Amino acid sequence: MKIGIIGLQGAVSEHLEAAKRAMQKLGIEGEAIWVGRPAELEGVDGIIIPGGESTTIGKLMQMAGLFERVKWLAKNGTPILGTCAGLIVLAKRGDEQIVRTKQPLLGLMDVSAIRNAFGRQRESFEAELEISGLGKEPFRGVFIRAPAASEVWGDAQVLAKFQGKIVAVQQGGLLAVAFHPELTPDTRLHEYFLRMCRR
Ligand code: GLN
């Protein structure tokens with residue numbers, strides 16, 4: 001299995017490590033690679049869009065020619081995991097701030113994203129989450145100036161909420177979370193994604 005991490009900005013190396021650890025846990029032979037150019041997406045079984053600065057990630061993806069390539073791959077069935085800023089980039093719609101900053105959106109998920117949804121007072125925090133599909137054990141979510149989804153429609157399914165806000169969504173092969181699963185030792189979310197990639 002080959003997982004490509006979009007490596008233009010943000011928490012890239014942490015995702016590389018988390019994906020590798022999750023592969024080991026599942027007994028999957030494979031590699032996680034750093035992707036900076038469209039050609040590097042050749043033959044990947046899944047793509048991860050990390051957290052960071054969504055405007056920067058979106059614009060750099062466009063400049064690198066990764067935007068159209070990732071869209072095409074997603075439409076042809078390649079699973080994608082977007083975390084934090086990655087959730088915003090995957091969404092079809094964004095709030096006023098996202099529109100004003102001309103945030104490039106891949107527009108792949110039936111999700112409306114709100115930037116910095118948890119406000120200034122709570123820029124960063126951790127919370128125990130109950131996430132559908134990850135079992136009974138709570139998952140420790142690390143939120144860093146995190147977005148949320150205000151609304152989902154179509155085939156998008158809410159997997160987790162926190163304080164009434166949607167923080168995990170799946171739509172077929174697309175998975176978006178508002179927090180940073182790569183910053184905790186718990187690899188269950190990456191394992192869940194790798195299982196989606198294995199199908
Ligand atoms: N608030 C950031 C943004 O809108 C996302 C933060 C993150 O990815 N940790 O891009």
# chains A, B, ... in the order shown; residues from 1 in each chain; ligands from 1
call {"tool": "select_by_dssp", "arguments": {"residues": "chain A", "states": "alpha helix (DSSP H)", "output": "tab-separated table (two decimals) with N, CA and C atoms, in the first residue's frame"}}
result
chain	number	residue	atom	x	y	z
A	12	VAL	N	3.14	17.50	8.30
A	12	VAL	CA	3.34	16.44	7.32
A	12	VAL	C	4.07	15.24	7.91
A	13	SER	N	5.21	15.49	8.56
A	13	SER	CA	6.01	14.36	9.05
A	13	SER	C	5.26	13.56	10.10
A	14	GLU	N	4.42	14.23	10.89
A	14	GLU	CA	3.63	13.53	11.90
A	14	GLU	C	2.65	12.55	11.25
A	15	HIS	N	2.08	12.97	10.10
A	15	HIS	CA	1.18	12.07	9.38
A	15	HIS	C	1.94	10.90	8.77
A	16	LEU	N	3.15	11.17	8.28
A	16	LEU	CA	3.97	10.08	7.71
A	16	LEU	C	4.19	9.01	8.78
A	17	GLU	N	4.57	9.46	9.97
A	17	GLU	CA	4.84	8.53	11.06
A	17	GLU	C	3.57	7.80	11.48
A	18	ALA	N	2.47	8.54	11.63
A	18	ALA	CA	1.21	7.93	12.07
A	18	ALA	C	0.74	6.89	11.06
A	19	ALA	N	0.86	7.21	9.76
A	19	ALA	CA	0.43	6.26	8.73
A	19	ALA	C	1.29	5.00	8.78
A	20	LYS	N	2.59	5.17	8.99
A	20	LYS	CA	3.47	4.01	9.08
A	20	LYS	C	3.13	3.14	10.29
A	21	ARG	N	2.88	3.81	11.43
A	21	ARG	CA	2.54	3.06	12.64
A	21	ARG	C	1.23	2.30	12.45
A	22	ALA	N	0.27	2.95	11.80
A	22	ALA	CA	-1.03	2.30	11.57
A	22	ALA	C	-0.86	1.10	10.63
A	23	MET	N	0.00	1.22	9.63
A	23	MET	CA	0.25	0.08	8.73
A	23	MET	C	0.81	-1.10	9.50
A	24	GLN	N	1.78	-0.79	10.39
A	24	GLN	CA	2.37	-1.86	11.20
A	24	GLN	C	1.31	-2.55	12.03
A	25	LYS	N	0.46	-1.74	12.69
A	25	LYS	CA	-0.60	-2.28	13.54
A	25	LYS	C	-1.51	-3.23	12.76
A	26	LEU	N	-1.81	-2.85	11.52
A	26	LEU	CA	-2.74	-3.65	10.71
A	26	LEU	C	-2.03	-4.75	9.94
A	54	SER	N	-5.05	26.53	5.99
A	54	SER	CA	-5.83	26.07	4.83
A	54	SER	C	-5.64	26.94	3.59
A	55	THR	N	-5.55	28.26	3.77
A	55	THR	CA	-5.39	29.14	2.60
A	55	THR	C	-4.07	28.83	1.91
A	56	THR	N	-3.02	28.68	2.71
A	56	THR	CA	-1.69	28.39	2.15
A	56	THR	C	-1.68	27.03	1.47
A	57	ILE	N	-2.22	26.03	2.14
A	57	ILE	CA	-2.22	24.68	1.56
A	57	ILE	C	-2.99	24.68	0.24
A	58	GLY	N	-4.15	25.33	0.23
A	58	GLY	CA	-4.96	25.39	-0.99
A	58	GLY	C	-4.23	26.07	-2.12
A	59	LYS	N	-3.63	27.23	-1.81
A	59	LYS	CA	-2.96	27.98	-2.87
A	59	LYS	C	-1.72	27.24	-3.37
A	60	LEU	N	-0.95	26.66	-2.44
A	60	LEU	CA	0.25	25.92	-2.86
A	60	LEU	C	-0.13	24.68	-3.68
A	61	MET	N	-1.24	24.05	-3.31
A	61	MET	CA	-1.69	22.88	-4.08
A	61	MET	C	-2.04	23.30	-5.51
A	62	GLN	N	-2.68	24.46	-5.63
A	62	GLN	CA	-3.02	24.94	-6.97
A	62	GLN	C	-1.75	25.22	-7.77
A	63	MET	N	-0.80	25.92	-7.13
A	63	MET	CA	0.43	26.28	-7.83
A	63	MET	C	1.23	25.05	-8.24
A	66	LEU	N	-1.37	20.25	-7.95
A	66	LEU	CA	-1.89	19.10	-7.19
A	66	LEU	C	-3.41	19.16	-7.04
A	67	PHE	N	-3.95	20.36	-7.19
A	67	PHE	CA	-5.37	20.56	-6.95
A	67	PHE	C	-6.21	19.71	-7.90
A	68	GLU	N	-6.00	19.89	-9.19
A	68	GLU	CA	-6.78	19.18	-10.20
A	68	GLU	C	-6.51	17.68	-10.14
A	69	ARG	N	-5.24	17.33	-9.88
A	69	ARG	CA	-4.86	15.92	-9.83
A	69	ARG	C	-5.57	15.20	-8.67
A	70	VAL	N	-5.58	15.85	-7.51
A	70	VAL	CA	-6.22	15.24	-6.33
A	70	VAL	C	-7.73	15.11	-6.57
A	71	LYS	N	-8.32	16.15	-7.17
A	71	LYS	CA	-9.76	16.11	-7.47
A	71	LYS	C	-10.07	14.94	-8.39
A	72	TRP	N	-9.26	14.80	-9.41
A	72	TRP	CA	-9.47	13.73	-10.39
A	72	TRP	C	-9.35	12.37	-9.71
A	73	LEU	N	-8.31	12.21	-8.90
A	73	LEU	CA	-8.10	10.92	-8.22
A	73	LEU	C	-9.27	10.61	-7.29
A	74	ALA	N	-9.75	11.62	-6.56
A	74	ALA	CA	-10.87	11.41	-5.64
A	74	ALA	C	-12.10	10.98	-6.41
A	75	LYS	N	-12.36	11.64	-7.53
A	75	LYS	CA	-13.54	11.30	-8.32
A	75	LYS	C	-13.43	9.92	-8.92
A	85	ALA	N	-7.06	21.79	8.69
A	85	ALA	CA	-7.12	22.60	7.47
A	85	ALA	C	-7.56	21.72	6.28
A	86	GLY	N	-7.20	20.44	6.32
A	86	GLY	CA	-7.59	19.49	5.26
A	86	GLY	C	-9.10	19.34	5.15
A	87	LEU	N	-9.80	19.47	6.29
A	87	LEU	CA	-11.28	19.41	6.26
A	87	LEU	C	-11.81	20.57	5.45
A	88	ILE	N	-11.23	21.74	5.66
A	88	ILE	CA	-11.69	22.94	4.94
A	88	ILE	C	-11.47	22.74	3.43
A	89	VAL	N	-10.28	22.28	3.07
A	89	VAL	CA	-9.92	22.14	1.65
A	89	VAL	C	-10.84	21.13	0.94
A	90	LEU	N	-11.31	20.11	1.68
A	90	LEU	CA	-12.17	19.10	1.05
A	90	LEU	C	-13.62	19.57	0.85
A	96	GLU	N	-18.11	32.79	5.78
A	96	GLU	CA	-17.78	34.13	5.25
A	96	GLU	C	-16.26	34.34	5.19
A	97	GLN	N	-15.55	33.87	6.23
A	97	GLN	CA	-14.09	34.04	6.28
A	97	GLN	C	-13.40	33.26	5.15
A	98	ILE	N	-13.91	32.10	4.87
A	98	ILE	CA	-13.34	31.25	3.82
A	98	ILE	C	-13.58	31.88	2.45
A	99	VAL	N	-14.75	32.46	2.28
A	99	VAL	CA	-15.08	33.12	1.02
A	99	VAL	C	-14.22	34.38	0.86
A	100	ARG	N	-14.13	35.17	1.94
A	100	ARG	CA	-13.39	36.43	1.89
A	100	ARG	C	-11.90	36.21	1.58
A	188	ARG	N	-5.93	4.74	15.77
A	188	ARG	CA	-7.20	4.16	15.29
A	188	ARG	C	-7.80	4.91	14.11
A	189	LEU	N	-7.65	6.22	14.08
A	189	LEU	CA	-8.25	6.95	12.96
A	189	LEU	C	-7.49	6.67	11.67
A	190	HIS	N	-6.17	6.62	11.77
A	190	HIS	CA	-5.36	6.27	10.58
A	190	HIS	C	-5.66	4.83	10.14
A	191	GLU	N	-5.84	3.95	11.11
A	191	GLU	CA	-6.17	2.55	10.77
A	191	GLU	C	-7.50	2.49	10.01
A	192	TYR	N	-8.47	3.26	10.52
A	192	TYR	CA	-9.78	3.32	9.88
A	192	TYR	C	-9.63	3.78	8.42
A	193	PHE	N	-8.80	4.81	8.23
A	193	PHE	CA	-8.57	5.32	6.87
A	193	PHE	C	-7.86	4.29	6.00
A	194	LEU	N	-6.86	3.61	6.55
A	194	LEU	CA	-6.13	2.61	5.75
A	194	LEU	C	-7.05	1.47	5.32
A	195	ARG	N	-8.02	1.13	6.19
A	195	ARG	CA	-8.98	0.10	5.80
A	195	ARG	C	-9.82	0.58	4.62
A	196	MET	N	-10.14	1.88	4.61
A	196	MET	CA	-10.88	2.43	3.47
A	196	MET	C	-10.02	2.33	2.19
A	197	CYS	N	-8.72	2.49	2.36
A	197	CYS	CA	-7.80	2.47	1.20
A	197	CYS	C	-7.57	1.06	0.70
A	198	ARG	N	-7.75	0.09	1.57
A	198	ARG	CA	-7.47	-1.30	1.23
A	198	ARG	C	-8.56	-1.90	0.33
call {"tool": "residues_around", "arguments": {"residues": "Leu159 of chain A", "least_positions_apart": "4", "cutoff": "7 Å", "atoms": "only C-alpha atoms", "output": "number ranges by chain"}}
result
A: 131-132, 168-170
call {"tool": "write_last_selection", "arguments": {"atoms": "N, CA and C atoms", "output": "JSON list (two decimals), in the first residue's frame"}}
result
[["chain", "number", "residue", "atom", "x", "y", "z"],
["A", 131, "ILE", "N", -16.24, 8.61, 18.43],
["A", 131, "ILE", "CA", -16.25, 8.63, 16.96],
["A", 131, "ILE", "C", -16.83, 7.32, 16.44],
["A", 132, "SER", "N", -17.87, 7.41, 15.64],
["A", 132, "SER", "CA", -18.48, 6.20, 15.06],
["A", 132, "SER", "C", -17.44, 5.44, 14.27],
["A", 168, "ALA", "N", -16.18, 15.32, 12.71],
["A", 168, "ALA", "CA", -15.71, 14.21, 11.86],
["A", 168, "ALA", "C", -16.83, 13.83, 10.90],
["A", 169, "VAL", "N", -16.48, 13.72, 9.62],
["A", 169, "VAL", "CA", -17.46, 13.43, 8.57],
["A", 169, "VAL", "C", -16.87, 12.44, 7.58],
["A", 170, "GLN", "N", -17.70, 11.52, 7.12],
["A", 170, "GLN", "CA", -17.26, 10.61, 6.05],
["A", 170, "GLN", "C", -18.27, 10.65, 4.92]]
call {"tool": "closest_residue", "arguments": {"among": "A:Glu40, A:Glu53, A:Asp155, A:Asp45", "to": "Asp110 of chain A", "atoms": "only C-alpha atoms"}}
result
A:Asp155
call {"tool": "residues_near_ligand", "arguments": {"ligand": "ligand 1", "cutoff": "12 Å", "atoms": "only C-alpha atoms and all ligand atoms", "output": "NGL selection string"}}
result
:A and (9-12 or 49-59 or 82-89 or 94-95 or 97-99 or 101 or 103-105 or 113-120 or 122-125 or 141-148 or 176-183)
call {"tool": "closest_residue", "arguments": {"among": "A:Ile80, A:Val35, A:Leu134, A:Ala149", "to": "Ser112 of chain A", "atoms": "only C-alpha atoms"}}
result
A:Ala149
call {"tool": "select_by_dssp", "arguments": {"residues": "segment 52-171 of chain A", "states": "strand (DSSP E or B)", "output": "VMD selection string"}}
result
chain A and resid 80 to 83 91 to 94 109 to 114 124 to 129 139 to 144 148 to 152 157 to 162 165 to 171
call {"tool": "write_last_selection", "arguments": {"atoms": "N, CA and C atoms", "output": "compact mmCIF listing (two decimals), in the first residue's frame"}}
result
# COMPACT_ATOMS: atom_id res chain seq x y z
N ILE A 80 -9.42 9.85 0.46
CA ILE A 80 -8.68 11.00 0.98
C ILE A 80 -9.06 11.24 2.43
N LEU A 81 -8.04 11.48 3.25
CA LEU A 81 -8.26 11.91 4.63
C LEU A 81 -7.80 13.36 4.73
N GLY A 82 -8.68 14.24 5.19
CA GLY A 82 -8.30 15.64 5.42
C GLY A 82 -8.40 15.93 6.90
N THR A 83 -7.34 16.46 7.49
CA THR A 83 -7.38 16.77 8.91
C THR A 83 -7.24 18.27 9.12
N ALA A 91 -14.01 20.61 1.60
CA ALA A 91 -15.42 21.02 1.64
C ALA A 91 -15.91 21.65 0.34
N LYS A 92 -17.23 21.57 0.15
CA LYS A 92 -17.85 22.24 -1.00
C LYS A 92 -18.13 23.70 -0.70
N ARG A 93 -18.43 23.99 0.58
CA ARG A 93 -18.78 25.37 0.94
C ARG A 93 -17.99 25.80 2.17
N GLY A 94 -17.85 27.12 2.28
CA GLY A 94 -17.17 27.65 3.45
C GLY A 94 -17.91 28.85 4.00
N MET A 109 -16.53 17.26 -0.79
CA MET A 109 -17.45 16.73 0.22
C MET A 109 -18.64 17.65 0.43
N ASP A 110 -19.79 17.03 0.66
CA ASP A 110 -21.03 17.77 0.91
C ASP A 110 -20.99 18.30 2.34
N VAL A 111 -20.10 19.26 2.53
CA VAL A 111 -19.82 19.78 3.85
C VAL A 111 -19.68 21.30 3.74
N SER A 112 -20.22 22.01 4.72
CA SER A 112 -19.98 23.44 4.80
C SER A 112 -19.04 23.66 5.99
N ALA A 113 -17.87 24.24 5.72
CA ALA A 113 -16.84 24.37 6.75
C ALA A 113 -16.86 25.76 7.39
N ILE A 114 -16.58 25.79 8.71
CA ILE A 114 -16.43 27.06 9.42
C ILE A 114 -14.98 27.09 9.89
N SER A 124 -6.61 26.28 21.21
CA SER A 124 -6.10 24.92 21.24
C SER A 124 -6.61 24.21 22.47
N PHE A 125 -7.06 23.00 22.30
CA PHE A 125 -7.52 22.21 23.44
C PHE A 125 -7.59 20.76 23.04
N GLU A 126 -7.72 19.91 24.04
CA GLU A 126 -7.88 18.49 23.75
C GLU A 126 -9.21 18.04 24.34
N ALA A 127 -9.83 17.09 23.68
CA ALA A 127 -11.12 16.61 24.17
C ALA A 127 -11.30 15.15 23.82
N GLU A 128 -12.01 14.46 24.70
CA GLU A 128 -12.33 13.05 24.45
C GLU A 128 -13.52 13.00 23.50
N LEU A 129 -13.35 12.28 22.41
CA LEU A 129 -14.42 12.23 21.41
C LEU A 129 -14.95 10.82 21.26
N PHE A 139 -11.64 8.78 21.77
CA PHE A 139 -10.46 9.16 21.00
C PHE A 139 -10.07 10.57 21.44
N ARG A 140 -8.80 10.75 21.77
CA ARG A 140 -8.36 12.06 22.24
C ARG A 140 -8.13 12.98 21.03
N GLY A 141 -8.98 13.99 20.90
CA GLY A 141 -8.87 14.90 19.77
C GLY A 141 -8.04 16.12 20.16
N VAL A 142 -7.00 16.39 19.37
CA VAL A 142 -6.19 17.60 19.57
C VAL A 142 -6.71 18.65 18.59
N PHE A 143 -7.25 19.73 19.16
CA PHE A 143 -7.83 20.79 18.33
C PHE A 143 -6.90 22.00 18.35
N ILE A 144 -6.45 22.43 17.19
CA ILE A 144 -5.58 23.61 17.10
C ILE A 144 -6.22 24.60 16.13
N ALA A 148 -14.78 23.40 11.92
CA ALA A 148 -15.83 22.42 12.14
C ALA A 148 -16.69 22.44 10.89
N ALA A 149 -17.62 21.50 10.83
CA ALA A 149 -18.59 21.55 9.73
C ALA A 149 -19.88 22.09 10.32
N SER A 150 -20.46 23.09 9.67
CA SER A 150 -21.72 23.63 10.20
C SER A 150 -22.88 22.80 9.71
N GLU A 151 -22.64 22.13 8.60
CA GLU A 151 -23.74 21.44 7.93
C GLU A 151 -23.17 20.36 7.02
N VAL A 152 -23.84 19.24 6.92
CA VAL A 152 -23.49 18.26 5.90
C VAL A 152 -24.77 17.87 5.19
N GLN A 157 -21.84 11.67 6.05
CA GLN A 157 -22.32 11.15 7.34
C GLN A 157 -21.50 11.73 8.47
N VAL A 158 -22.16 12.20 9.50
CA VAL A 158 -21.46 12.73 10.67
C VAL A 158 -20.95 11.57 11.51
N LEU A 159 -19.64 11.54 11.80
CA LEU A 159 -19.06 10.49 12.64
C LEU A 159 -18.84 10.95 14.07
N ALA A 160 -18.69 12.25 14.26
CA ALA A 160 -18.48 12.76 15.62
C ALA A 160 -18.86 14.23 15.71
N LYS A 161 -19.34 14.56 16.92
CA LYS A 161 -19.64 15.96 17.22
C LYS A 161 -18.96 16.31 18.53
N PHE A 162 -18.64 17.57 18.69
CA PHE A 162 -18.13 18.04 19.98
C PHE A 162 -18.75 19.40 20.26
N LYS A 165 -20.89 20.75 17.64
CA LYS A 165 -20.32 21.04 16.32
C LYS A 165 -19.82 19.75 15.68
N ILE A 166 -19.97 19.68 14.37
CA ILE A 166 -19.57 18.47 13.65
C ILE A 166 -18.05 18.48 13.47
N VAL A 167 -17.37 17.44 13.98
CA VAL A 167 -15.90 17.43 13.93
C VAL A 167 -15.33 16.22 13.17
N ALA A 168 -16.18 15.32 12.71
CA ALA A 168 -15.71 14.21 11.86
C ALA A 168 -16.83 13.83 10.90
N VAL A 169 -16.48 13.72 9.62
CA VAL A 169 -17.46 13.43 8.57
C VAL A 169 -16.87 12.44 7.58
N GLN A 170 -17.70 11.52 7.12
CA GLN A 170 -17.26 10.61 6.05
C GLN A 170 -18.27 10.65 4.92
N GLN A 171 -17.75 10.65 3.72
CA GLN A 171 -18.62 10.56 2.54
C GLN A 171 -17.96 9.58 1.58
call {"tool": "atom_distance", "arguments": {"atom1": "atom CA of Ala156 of chain A", "atom2": "atom CA of Gly172 of chain A"}}
result
7.6 Å
